[in-house]
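Below: the structure, in structure tokens.
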Amino acid sequence: MFGLDKKDASLLLVVAALVVFAPFFLNPFPEASGWAQFNAGYPDLMQRFVIFGIFAIGFNILFGLTGYLSFGHAAFLGVGSYAAVWMFKLLSMNVIPAIILAVIAAGVFALIIGYVSLRRSGIYFSILTLAFAQMSFALAYSVLTPITGGETGLQLALDDPRILGGLSSSDGNIPVPGLFGLEMRDSSKLVLGGWVFTFNFGYYFSALIMLLSFYLSIRIFRSPFGMMLRAVKSNQQRLNYTGVNPRPYTLAAFVISGMYAGLAGGLMASMDPLAGAERMFWTASGEVVLMTILGGVGTLIGPVLGAGMIKYMENIISKINSDILHTWFAFLPDGLEDAVVAMIYPFIGKGWHLTLGIVFMLVVIFLPGGLVEGGQRLAGLFRRKKTDESKTATTEPAE
Amino acid sequence: MGILDVKDVNKRFGGLQALGNVNLSVAENGCHAIIGPNGAGKSTLLNCLVGKLIPDTGSVMFDGQSVLGRTPFEINQMGISRVFQTPEIFGDLTVMENMLIPCFARRDGSFALHGIRSVVSEGELRSQAEQMLEEVNMLDKRHMHSSSMSRGDKRRLEMAMCLVQNPKLLLLDEPTAGMARADTNNTIELLKEIKETRNITIAIIEHDMHVVFSLADRITVLAQGTPLVEDSPENIKGHPKVKEAYLGEAA
């Protein structure tokens with residue numbers, strides 16, 4: 001199907017089903033219950049799941065396949081965001097031209113940075129990309145203020161030219177991004193008993209683009225180009241002596257993953273039309289590295305899982321406060337309750353990074369292949385149990 | 001004039017004269033062995049042939065073209081394949097993928113964006129690779145991860161990866177170093193077969209005299225960076241200068 005083999009096609013279908021039905025299963029708790037704050041099915045967060053999913057899928061094409069660890073990928077995300085917002089300011093509020101320009105701008109930017117950085121490999125490559133990203137951040141934050149809006153970020157205004165029309169919304173406010181009349185923030189709610197499910201146009205638009213990006217990444221993984229990239233990671237010396245020039249392959253991978261980042265940045269700006277320099281800060285570059293490693297480097301689905309996990313923790317764990325903890329542990333005797341709450345408190349709210357750090361360490365130590373390896377082990381356990389029970393001697397042919 | 005002509009090559013590393021006035025001509029479709037004691041400059045010479053090092057002076061001509069100043073992948077595209085002392089293969093890839101990469105390199109050159117067509121759909125290259133694997137008796141291992149194979153198998157795979165490109169010249173850098181006797185004999189048999197069935201020139205650097213005398217039809221003895229003698233195997237065996245270089249003055 002779509003030029004994929006059976007396994008990849010079913011993976012794509014599973015991911016498609018997950019994103020289509022995400023508004024349902026991300027909202028497992030009734031609105032009125034105390035658990036409602038763990039619901040992740042609101043548009044803003046769901047958009048972030050898929051957008052960072054795109055970012056991580058692209059990063060994985062570079063890091064997962066070639067092994068080149070870029071520590072400056074947020075720069076391309078930022079460039080994409082700025083490009084998209086400029087399109088909203090100058091052209092129109094339609095997201096299509098904004099996203100196209102975001103991808104192109106990030107691609108050109110990646111070509112320049114990649115051309116220089118890829119002269120070195122290993123740690124030197126990482127440091128070069130980090131340096132470029134921090135330079136971009138500094139430029140965006142101060143020097144290039146007329147283009148980037150500096151500290152306040154780039155925002156839309158009523159007096160923007162917008163030559164293709166749509167100067168202001170019908171009620172005279174700053175217009176919002178949309179797609180041929182449909183606004184990105186349009187949502188419809190479905191109330192079923194105590195549950196409220198929100199279907200947001202922006203989310204489904206981003207999800208569709210994420211599925212397309214995911215499909216493209218599967219095709220890249222299975223193509224001769226992807227095989228060459230894995231060969232770069234495995235043994236560059238042999239590749240050189242086999243008549244292949246590794247440099248253009250790595251550069252192409254770098255540019256492709258930069259364009260993915262630009263796409264994510266453009267989508268981010270389409271959901272919320274402002275762009276700030278902090279999107280290029282090195283912590284943002286580090287985040288996508290964490291997502292990819294947490295999910296599983298070099299696997300197809302891993303980066304998407306990692307992105308979802310980190311964004312979920314960022315938004316849900318950081319919302320827990322000491323009051324909520326007290327209600328949870330109210331059944332304990334007073335002294336003990338305070339002690340337990342005091343122990344957990346550093347890991348919640350603003351301390352969610354601490355929880356993330358612990359989860360990350362556990363995954364790296366016990367599941368070096370990330371969440372995907374965890375899933376495979378679980379599946380393996382399950383399968384072994386099943387065959388033990390049925391006692392059938394049907395072993396797969398060794399290939 | 002042979003297929004490979006090395007003329008007056010000098011290479012200096014600081015105060016060490018690694019190669020001094022090396023002249024060497026490898027005849028087409030022959031098997032030329034380069035032997036010599038440790039530190040004689042054999043590996044330096046080899047690295048000058050494949051683009052890893054550039055000689056200070058002199059010229060290296062392959063098939064009528066200079067190789068100097070070209071990168072290793074360009075030299076490979078000219079028709080020189082190299083087998084390393086320790087097998088260099090793509091350890092993270094399967095045996096079949098290992099074979100496909102040289103096939104793609106031969107068909108598409110040093111860089112090609114292949115679109116997003118699947119590797120699986122490349123029927124012609126796959127059968128080419130399978131045929132080569134069959135020839136080295138490794139077809140049953142084609143789905144194996146190449147890093148999990150024995151050293152002898154890795155060596156055979158590396159050799160197959162070089163041969164599937166149909167090179168004009170095959171350079172072997174101590175192909176049997178560190179191998180068990182049985183593996184060494186297998187390698188000799190394989191190389192003999194290659195020599196007989198293919199239109200190929202082989203240049204081999206080797207310590208193991210058993211290997212050298214079973215394969216070579218021309219031998220150059222290198223000592224302290226300079227060729228001492230070049231002759232047929234029969235004449236090399238009893239040559240006094242060779243004994244001297246290997247065993248010292250006392251012999």
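Letters A, B, ... mark the chains of the structure tokens in the order given; residue numbers begin at 1 per chain; ligand numbers begin at 1, in order shown.
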
* **Interface list for chain A, partner chain B, 7 Å threshold, only C-alpha atoms, as a PyMOL selection string** => chain A and resi 219-220+222-225+231+234-235+238+240-245+248+399

Using all heavy atoms, can you write the selected residues to a file as a CSV table (one decimal), in the first residue's frame?
chain,number,residue,atom,x,y,z
A,219,ARG,N,9.4,6.3,3.7
A,219,ARG,CA,9.9,6.1,2.4
A,219,ARG,C,11.4,6.4,2.4
A,219,ARG,O,12.2,5.7,1.7
A,219,ARG,CB,9.2,7.0,1.4
A,219,ARG,CG,7.8,6.7,1.2
A,219,ARG,CD,7.5,5.3,0.6
A,219,ARG,NE,8.1,5.0,-0.7
A,219,ARG,CZ,7.5,5.0,-1.8
A,219,ARG,NH1,6.2,5.3,-1.8
A,219,ARG,NH2,8.1,4.8,-3.0
A,220,ILE,N,11.9,7.5,3.1
A,220,ILE,CA,13.3,7.8,3.1
A,220,ILE,C,14.1,6.6,3.8
A,220,ILE,O,15.1,6.2,3.3
A,220,ILE,CB,13.5,9.1,3.8
A,220,ILE,CG1,13.0,10.3,3.0
A,220,ILE,CG2,15.0,9.3,4.2
A,220,ILE,CD1,13.1,11.6,3.6
A,222,ARG,N,13.4,3.5,3.8
A,222,ARG,CA,13.5,2.3,3.0
A,222,ARG,C,14.1,2.5,1.7
A,222,ARG,O,14.2,1.6,0.9
A,222,ARG,CB,12.0,1.8,2.8
A,222,ARG,CG,11.2,1.5,4.0
A,222,ARG,CD,11.8,0.3,4.8
A,222,ARG,NE,11.1,0.0,6.0
A,222,ARG,CZ,11.6,0.0,7.2
A,222,ARG,NH1,12.9,0.3,7.3
A,222,ARG,NH2,10.9,-0.2,8.3
A,223,SER,N,14.5,3.8,1.4
A,223,SER,CA,15.1,4.0,0.1
A,223,SER,C,16.6,3.8,0.0
A,223,SER,O,17.2,3.7,1.1
A,223,SER,CB,14.8,5.5,-0.3
A,223,SER,OG,15.6,6.3,0.5
A,224,PRO,N,17.2,3.7,-1.1
A,224,PRO,CA,18.6,3.6,-1.2
A,224,PRO,C,19.3,4.7,-0.5
A,224,PRO,O,20.4,4.5,0.1
A,224,PRO,CB,18.9,3.6,-2.7
A,224,PRO,CG,17.7,3.2,-3.4
A,224,PRO,CD,16.6,3.7,-2.5
A,225,PHE,N,18.7,5.9,-0.6
A,225,PHE,CA,19.3,7.1,0.1
A,225,PHE,C,19.4,6.8,1.6
A,225,PHE,O,20.4,7.1,2.2
A,225,PHE,CB,18.4,8.3,-0.2
A,225,PHE,CG,18.8,9.5,0.5
A,225,PHE,CD1,20.0,10.2,0.2
A,225,PHE,CD2,18.0,10.1,1.5
A,225,PHE,CE1,20.3,11.4,0.9
A,225,PHE,CE2,18.3,11.2,2.2
A,225,PHE,CZ,19.5,11.9,1.8
A,231,ALA,N,24.8,3.6,6.1
A,231,ALA,CA,26.1,3.2,5.9
A,231,ALA,C,27.1,4.3,6.4
A,231,ALA,O,28.2,4.0,6.9
A,231,ALA,CB,26.3,3.0,4.4
A,234,SER,N,27.5,3.7,9.9
A,234,SER,CA,28.2,2.4,10.3
A,234,SER,C,29.7,2.5,10.0
A,234,SER,O,30.4,2.1,10.8
A,234,SER,CB,27.5,1.3,9.4
A,234,SER,OG,28.0,0.1,9.8
A,235,ASN,N,30.1,2.9,8.8
A,235,ASN,CA,31.5,2.9,8.5
A,235,ASN,C,31.8,3.8,7.3
A,235,ASN,O,31.7,3.5,6.2
A,235,ASN,CB,31.9,1.4,8.1
A,235,ASN,CG,33.4,1.3,8.0
A,235,ASN,OD1,34.1,2.2,7.9
A,235,ASN,ND2,33.8,0.0,8.1
A,238,ARG,N,34.8,2.7,4.9
A,238,ARG,CA,34.4,1.7,3.9
A,238,ARG,C,33.6,2.3,2.8
A,238,ARG,O,33.8,2.1,1.6
A,238,ARG,CB,33.6,0.5,4.6
A,238,ARG,CG,33.1,-0.6,3.7
A,238,ARG,CD,33.9,-0.9,2.5
A,238,ARG,NE,34.9,-1.9,2.6
A,238,ARG,CZ,35.9,-2.0,1.7
A,238,ARG,NH1,36.0,-1.3,0.7
A,238,ARG,NH2,36.9,-2.9,1.9
A,240,ASN,N,33.8,5.4,1.8
A,240,ASN,CA,34.7,6.1,0.9
A,240,ASN,C,35.4,5.2,-0.1
A,240,ASN,O,35.5,5.5,-1.3
A,240,ASN,CB,35.8,6.8,1.8
A,240,ASN,CG,35.5,8.3,1.9
A,240,ASN,OD1,35.3,8.9,0.9
A,240,ASN,ND2,35.6,8.8,3.1
A,241,TYR,N,35.9,4.1,0.4
A,241,TYR,CA,36.6,3.1,-0.4
A,241,TYR,C,35.7,2.3,-1.3
A,241,TYR,O,36.1,1.4,-2.0
A,241,TYR,CB,37.6,2.3,0.4
A,241,TYR,CG,38.8,3.1,0.9
A,241,TYR,CD1,38.8,3.6,2.2
A,241,TYR,CD2,39.8,3.3,0.0
A,241,TYR,CE1,39.9,4.4,2.6
A,241,TYR,CE2,40.9,4.0,0.5
A,241,TYR,CZ,40.9,4.6,1.7
A,241,TYR,OH,42.0,5.3,2.1
A,242,THR,N,34.4,2.5,-1.1
A,242,THR,CA,33.4,1.8,-2.0
A,242,THR,C,33.0,2.7,-3.1
A,242,THR,O,32.1,2.4,-3.9
A,242,THR,CB,32.2,1.3,-1.2
A,242,THR,OG1,32.8,0.5,-0.1
A,242,THR,CG2,31.3,0.4,-1.9
A,243,GLY,N,33.6,3.9,-3.2
A,243,GLY,CA,33.2,4.8,-4.3
A,243,GLY,C,32.1,5.8,-4.0
A,243,GLY,O,31.5,6.3,-4.9
A,244,VAL,N,31.7,5.9,-2.7
A,244,VAL,CA,30.6,6.8,-2.4
A,244,VAL,C,31.2,8.0,-1.6
A,244,VAL,O,32.0,7.9,-0.7
A,244,VAL,CB,29.6,6.1,-1.5
A,244,VAL,CG1,28.5,7.0,-1.1
A,244,VAL,CG2,29.0,4.9,-2.3
A,245,ASN,N,30.7,9.2,-2.0
A,245,ASN,CA,31.1,10.4,-1.3
A,245,ASN,C,30.1,10.7,-0.2
A,245,ASN,O,29.0,11.0,-0.5
A,245,ASN,CB,31.1,11.5,-2.3
A,245,ASN,CG,31.7,12.8,-1.7
A,245,ASN,OD1,32.1,12.8,-0.6
A,245,ASN,ND2,31.7,13.9,-2.5
A,248,PRO,N,27.9,14.8,0.4
A,248,PRO,CA,26.6,15.2,-0.1
A,248,PRO,C,25.4,14.4,0.5
A,248,PRO,O,24.3,15.0,0.7
A,248,PRO,CB,26.7,15.0,-1.6
A,248,PRO,CG,27.8,14.2,-1.8
A,248,PRO,CD,28.8,14.3,-0.7
A,399,GLU,N,15.7,-16.3,9.5
A,399,GLU,CA,16.2,-15.6,8.3
A,399,GLU,C,17.4,-14.7,8.6
A,399,GLU,O,17.4,-14.1,9.6
A,399,GLU,CB,15.0,-14.7,7.8
A,399,GLU,CG,14.1,-15.4,6.8
A,399,GLU,CD,13.5,-14.4,5.8
A,399,GLU,OE1,12.9,-13.4,6.3
A,399,GLU,OE2,13.5,-14.7,4.7

Write out as a PDB file with C-alpha atoms, in the first residue's frame which residues come within 9 Å of range 20-29 of chain A when counting only C-alpha atoms, dropping same-chain ones fewer than 2 positions away.
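Generated output (result.pdb):
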ATOM      1  CA  VAL A  15      -0.382   6.130  13.689  1.00  0.00           C
ATOM      2  CA  ALA A  16      -3.162   7.530  11.506  1.00  0.00           C
ATOM      3  CA  ALA A  17      -5.798   5.949  13.744  1.00  0.00           C
ATOM      4  CA  LEU A  18      -4.043   7.310  16.841  1.00  0.00           C
ATOM      5  CA  GLU A  31     -14.956  16.809  32.885  1.00  0.00           C
ATOM      6  CA  ALA A  32     -16.307  17.019  36.418  1.00  0.00           C
ATOM      7  CA  SER A  33     -14.003  14.434  38.000  1.00  0.00           C
ATOM      8  CA  GLY A  34     -10.869  15.285  39.950  1.00  0.00           C
ATOM      9  CA  TRP A  35      -8.777  13.579  37.299  1.00  0.00           C
ATOM     10  CA  ALA A  36      -9.874  15.936  34.543  1.00  0.00           C
ATOM     11  CA  GLN A  37      -6.611  17.838  34.802  1.00  0.00           C
ATOM     12  CA  PHE A  38      -4.835  14.772  33.372  1.00  0.00           C
ATOM     13  CA  ASN A  39      -6.874  15.084  30.227  1.00  0.00           C
ATOM     14  CA  ALA A  40      -4.564  16.023  27.381  1.00  0.00           C
ATOM     15  CA  GLY A  41      -7.242  16.275  24.744  1.00  0.00           C
ATOM     16  CA  TYR A  42      -7.388  20.042  24.443  1.00  0.00           C
ATOM     17  CA  PRO A  43      -6.446  21.672  21.121  1.00  0.00           C
ATOM     18  CA  MET A  46      -2.721  18.142  20.865  1.00  0.00           C
ATOM     19  CA  GLY A 194     -19.794  13.621  31.537  1.00  0.00           C
ATOM     20  CA  TRP A 195     -17.149  13.743  28.824  1.00  0.00           C
ATOM     21  CA  VAL A 196     -16.376  16.663  26.569  1.00  0.00           C
ATOM     22  CA  PHE A 197     -14.384  16.019  23.404  1.00  0.00           C
ATOM     23  CA  THR A 198     -12.941  18.882  21.381  1.00  0.00           C
ATOM     24  CA  PHE A 199     -12.246  18.627  17.667  1.00  0.00           C
ATOM     25  CA  ASN A 200     -10.029  21.439  16.520  1.00  0.00           C
ATOM     26  CA  TYR A 204      -6.439  18.004  12.340  1.00  0.00           C
ATOM     27  CA  ALA A 207      -2.080  15.985  12.150  1.00  0.00           C
TER      28      ALA A 207
END

* CA of Val372 in chain A to CA of Gly306 in chain A, straight-line distance in Å ->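 Rounded to one decimal, the two atoms are 9.4 Å apart.
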
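Take CA of Val255 in chain A and CA of Gly114 in chain A: the distance between them is 7.2 Å.
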
* All residues 8 Å or closer to range 295-297 of chain A, only C-alpha atoms, same chain fewer than 6 positions away omitted, as a list of chain:residue names -> A:Asn60, A:Phe63, A:Gly64, A:Pro303, A:Val304, A:Leu305, A:Gly306, A:Ala307, A:Pro368, A:Gly369, A:Gly370, A:Leu371, A:Val372, A:Glu373

* Which residues in range 2-183 of chain B does DSSP call strand (DSSP E or B)? List them as an NGL selection string. -> :B and (4-13 or 16-26 or 31-35 or 57-62 or 65-66 or 80-83 or 94 or 145 or 169-173)

* Asked: Out of range 12-195 of chain B, which residues get helix (DSSP H, G or I) from DSSP, as a ChimeraX atom specification?
  -> /B:42-49,72-78,95-108,119-121,123-135,139-141,146-148,151-163,181-195

* range 230-241 of chain B: which residues within 12 Å, counting only C-alpha atoms, same-chain residues fewer than 5 positions away excluded, as a PyMOL selection string? -> chain B and resi 22-26+30-36+209-223+246-251

May I have the residues from that selection written out with C-alpha atoms, as a PDB file, in the first residue's frame?
ATOM      1  CA  VAL B  22      59.822   3.620  -5.345  1.00  0.00           C
ATOM      2  CA  ASN B  23      59.366   2.368  -8.896  1.00  0.00           C
ATOM      3  CA  LEU B  24      56.850  -0.329  -9.473  1.00  0.00           C
ATOM      4  CA  SER B  25      54.826  -1.602 -12.363  1.00  0.00           C
ATOM      5  CA  VAL B  26      51.910  -3.963 -11.926  1.00  0.00           C
ATOM      6  CA  GLY B  30      48.635 -10.613 -12.990  1.00  0.00           C
ATOM      7  CA  CYS B  31      49.026 -11.039  -9.268  1.00  0.00           C
ATOM      8  CA  HIS B  32      51.757  -8.842  -7.902  1.00  0.00           C
ATOM      9  CA  ALA B  33      52.869  -9.305  -4.299  1.00  0.00           C
ATOM     10  CA  ILE B  34      54.684  -6.683  -2.270  1.00  0.00           C
ATOM     11  CA  ILE B  35      56.544  -8.148   0.661  1.00  0.00           C
ATOM     12  CA  GLY B  36      58.985  -6.778   3.136  1.00  0.00           C
ATOM     13  CA  MET B 209      55.002 -16.452   2.573  1.00  0.00           C
ATOM     14  CA  HIS B 210      52.680 -19.420   2.085  1.00  0.00           C
ATOM     15  CA  VAL B 211      50.031 -17.049   0.742  1.00  0.00           C
ATOM     16  CA  VAL B 212      52.503 -15.094  -1.352  1.00  0.00           C
ATOM     17  CA  PHE B 213      54.031 -18.111  -3.060  1.00  0.00           C
ATOM     18  CA  SER B 214      50.638 -19.717  -3.696  1.00  0.00           C
ATOM     19  CA  LEU B 215      49.268 -16.677  -5.478  1.00  0.00           C
ATOM     20  CA  ALA B 216      51.829 -14.268  -6.831  1.00  0.00           C
ATOM     21  CA  ASP B 217      53.363 -14.406 -10.247  1.00  0.00           C
ATOM     22  CA  ARG B 218      55.542 -11.367  -9.577  1.00  0.00           C
ATOM     23  CA  ILE B 219      57.059 -10.263  -6.281  1.00  0.00           C
ATOM     24  CA  THR B 220      58.584  -6.979  -5.181  1.00  0.00           C
ATOM     25  CA  VAL B 221      60.619  -6.939  -2.000  1.00  0.00           C
ATOM     26  CA  LEU B 222      60.525  -3.639  -0.156  1.00  0.00           C
ATOM     27  CA  ALA B 223      63.052  -2.745   2.541  1.00  0.00           C
ATOM     28  CA  TYR B 246      64.392 -10.392   6.384  1.00  0.00           C
ATOM     29  CA  LEU B 247      66.953 -12.005   8.649  1.00  0.00           C
ATOM     30  CA  GLY B 248      69.674  -9.386   9.000  1.00  0.00           C
ATOM     31  CA  GLU B 249      73.371  -9.378   8.087  1.00  0.00           C
ATOM     32  CA  ALA B 250      74.263 -12.500  10.026  1.00  0.00           C
ATOM     33  CA  ALA B 251      72.229 -14.751   7.787  1.00  0.00           C
TER      34      ALA B 251
END

Which residues come within 9 Å of Ala177 in chain B, counting only C-alpha atoms, excluding same-chain residues fewer than 4 positions away, as a tab-separated table (two decimals) with all heavy atoms, in the first residue's frame?
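Below is the file that was written, out_19.tsv:
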chain	number	residue	atom	x	y	z
B	85	GLN	N	43.23	-4.53	6.11
B	85	GLN	CA	43.90	-5.52	6.95
B	85	GLN	C	42.92	-6.14	7.94
B	85	GLN	O	42.86	-7.35	8.09
B	85	GLN	CB	45.05	-4.84	7.68
B	85	GLN	CG	46.04	-5.81	8.26
B	85	GLN	CD	47.27	-5.09	8.75
B	85	GLN	OE1	47.53	-3.93	8.39
B	85	GLN	NE2	48.05	-5.76	9.56
B	86	THR	N	42.16	-5.28	8.63
B	86	THR	CA	41.03	-5.79	9.42
B	86	THR	C	39.78	-5.50	8.60
B	86	THR	O	39.64	-4.38	8.13
B	86	THR	CB	40.93	-5.08	10.78
B	86	THR	OG1	41.08	-3.68	10.55
B	86	THR	CG2	41.97	-5.55	11.74
B	173	ASP	N	45.36	-5.74	1.44
B	173	ASP	CA	46.31	-5.39	2.50
B	173	ASP	C	46.31	-6.50	3.54
B	173	ASP	O	45.42	-6.56	4.37
B	173	ASP	CB	45.89	-4.05	3.12
B	173	ASP	CG	46.94	-3.52	4.07
B	173	ASP	OD1	47.97	-4.19	4.24
B	173	ASP	OD2	46.71	-2.45	4.65
B	184	THR	N	42.83	-19.15	6.27
B	184	THR	CA	43.85	-18.68	5.32
B	184	THR	C	43.77	-19.48	4.03
B	184	THR	O	43.77	-18.92	2.94
B	184	THR	CB	45.25	-18.83	5.94
B	184	THR	OG1	45.27	-18.12	7.18
B	184	THR	CG2	46.31	-18.27	5.02
B	206	GLU	N	51.57	-8.80	1.85
B	206	GLU	CA	51.37	-9.95	2.70
B	206	GLU	C	52.64	-10.29	3.47
B	206	GLU	O	53.75	-10.09	2.98
B	206	GLU	CB	50.91	-11.15	1.84
B	206	GLU	CG	50.51	-12.39	2.58
B	206	GLU	CD	49.44	-12.16	3.63
B	206	GLU	OE1	48.27	-12.06	3.27
B	206	GLU	OE2	49.77	-12.11	4.83
B	207	HIS	N	52.45	-10.81	4.67
B	207	HIS	CA	53.56	-11.29	5.48
B	207	HIS	C	53.74	-12.79	5.30
B	207	HIS	O	54.84	-13.31	5.37
B	207	HIS	CB	53.26	-11.03	6.97
B	207	HIS	CG	53.85	-9.77	7.46
B	207	HIS	ND1	55.17	-9.47	7.32
B	207	HIS	CD2	53.30	-8.72	8.11
B	207	HIS	CE1	55.41	-8.28	7.86
B	207	HIS	NE2	54.29	-7.81	8.34
B	208	ASP	N	52.60	-13.46	5.10
B	208	ASP	CA	52.58	-14.92	5.10
B	208	ASP	C	53.14	-15.44	3.76
B	208	ASP	O	52.52	-15.29	2.72
B	208	ASP	CB	51.12	-15.37	5.29
B	208	ASP	CG	51.03	-16.86	5.54
B	208	ASP	OD1	51.91	-17.59	5.04
B	208	ASP	OD2	50.07	-17.29	6.22

* Could you work out how far CA of Asn321 in chain A lies from CA of Pro346 in chain A, giving the answer in Å with one decimal? ->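 Straight-line distance from CA of Pro346 in chain A to CA of Asn321 in chain A works out to 10.1 Å.
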
* To do: Identify which of the residues A:Ile127, A:Val143, A:Leu267, A:Met227 lies closest to Val85 in chain A, counting only C-alpha atoms when measuring atom-to-atom distances.
  =>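 Closest candidate: A:Leu267.
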
* To do: Find the residues around Gly225 in chain B up to 12 Å (only C-alpha atoms counted), leave out those fewer than 4 positions away in its own chain, and share them as a count of residues only.
  => 29
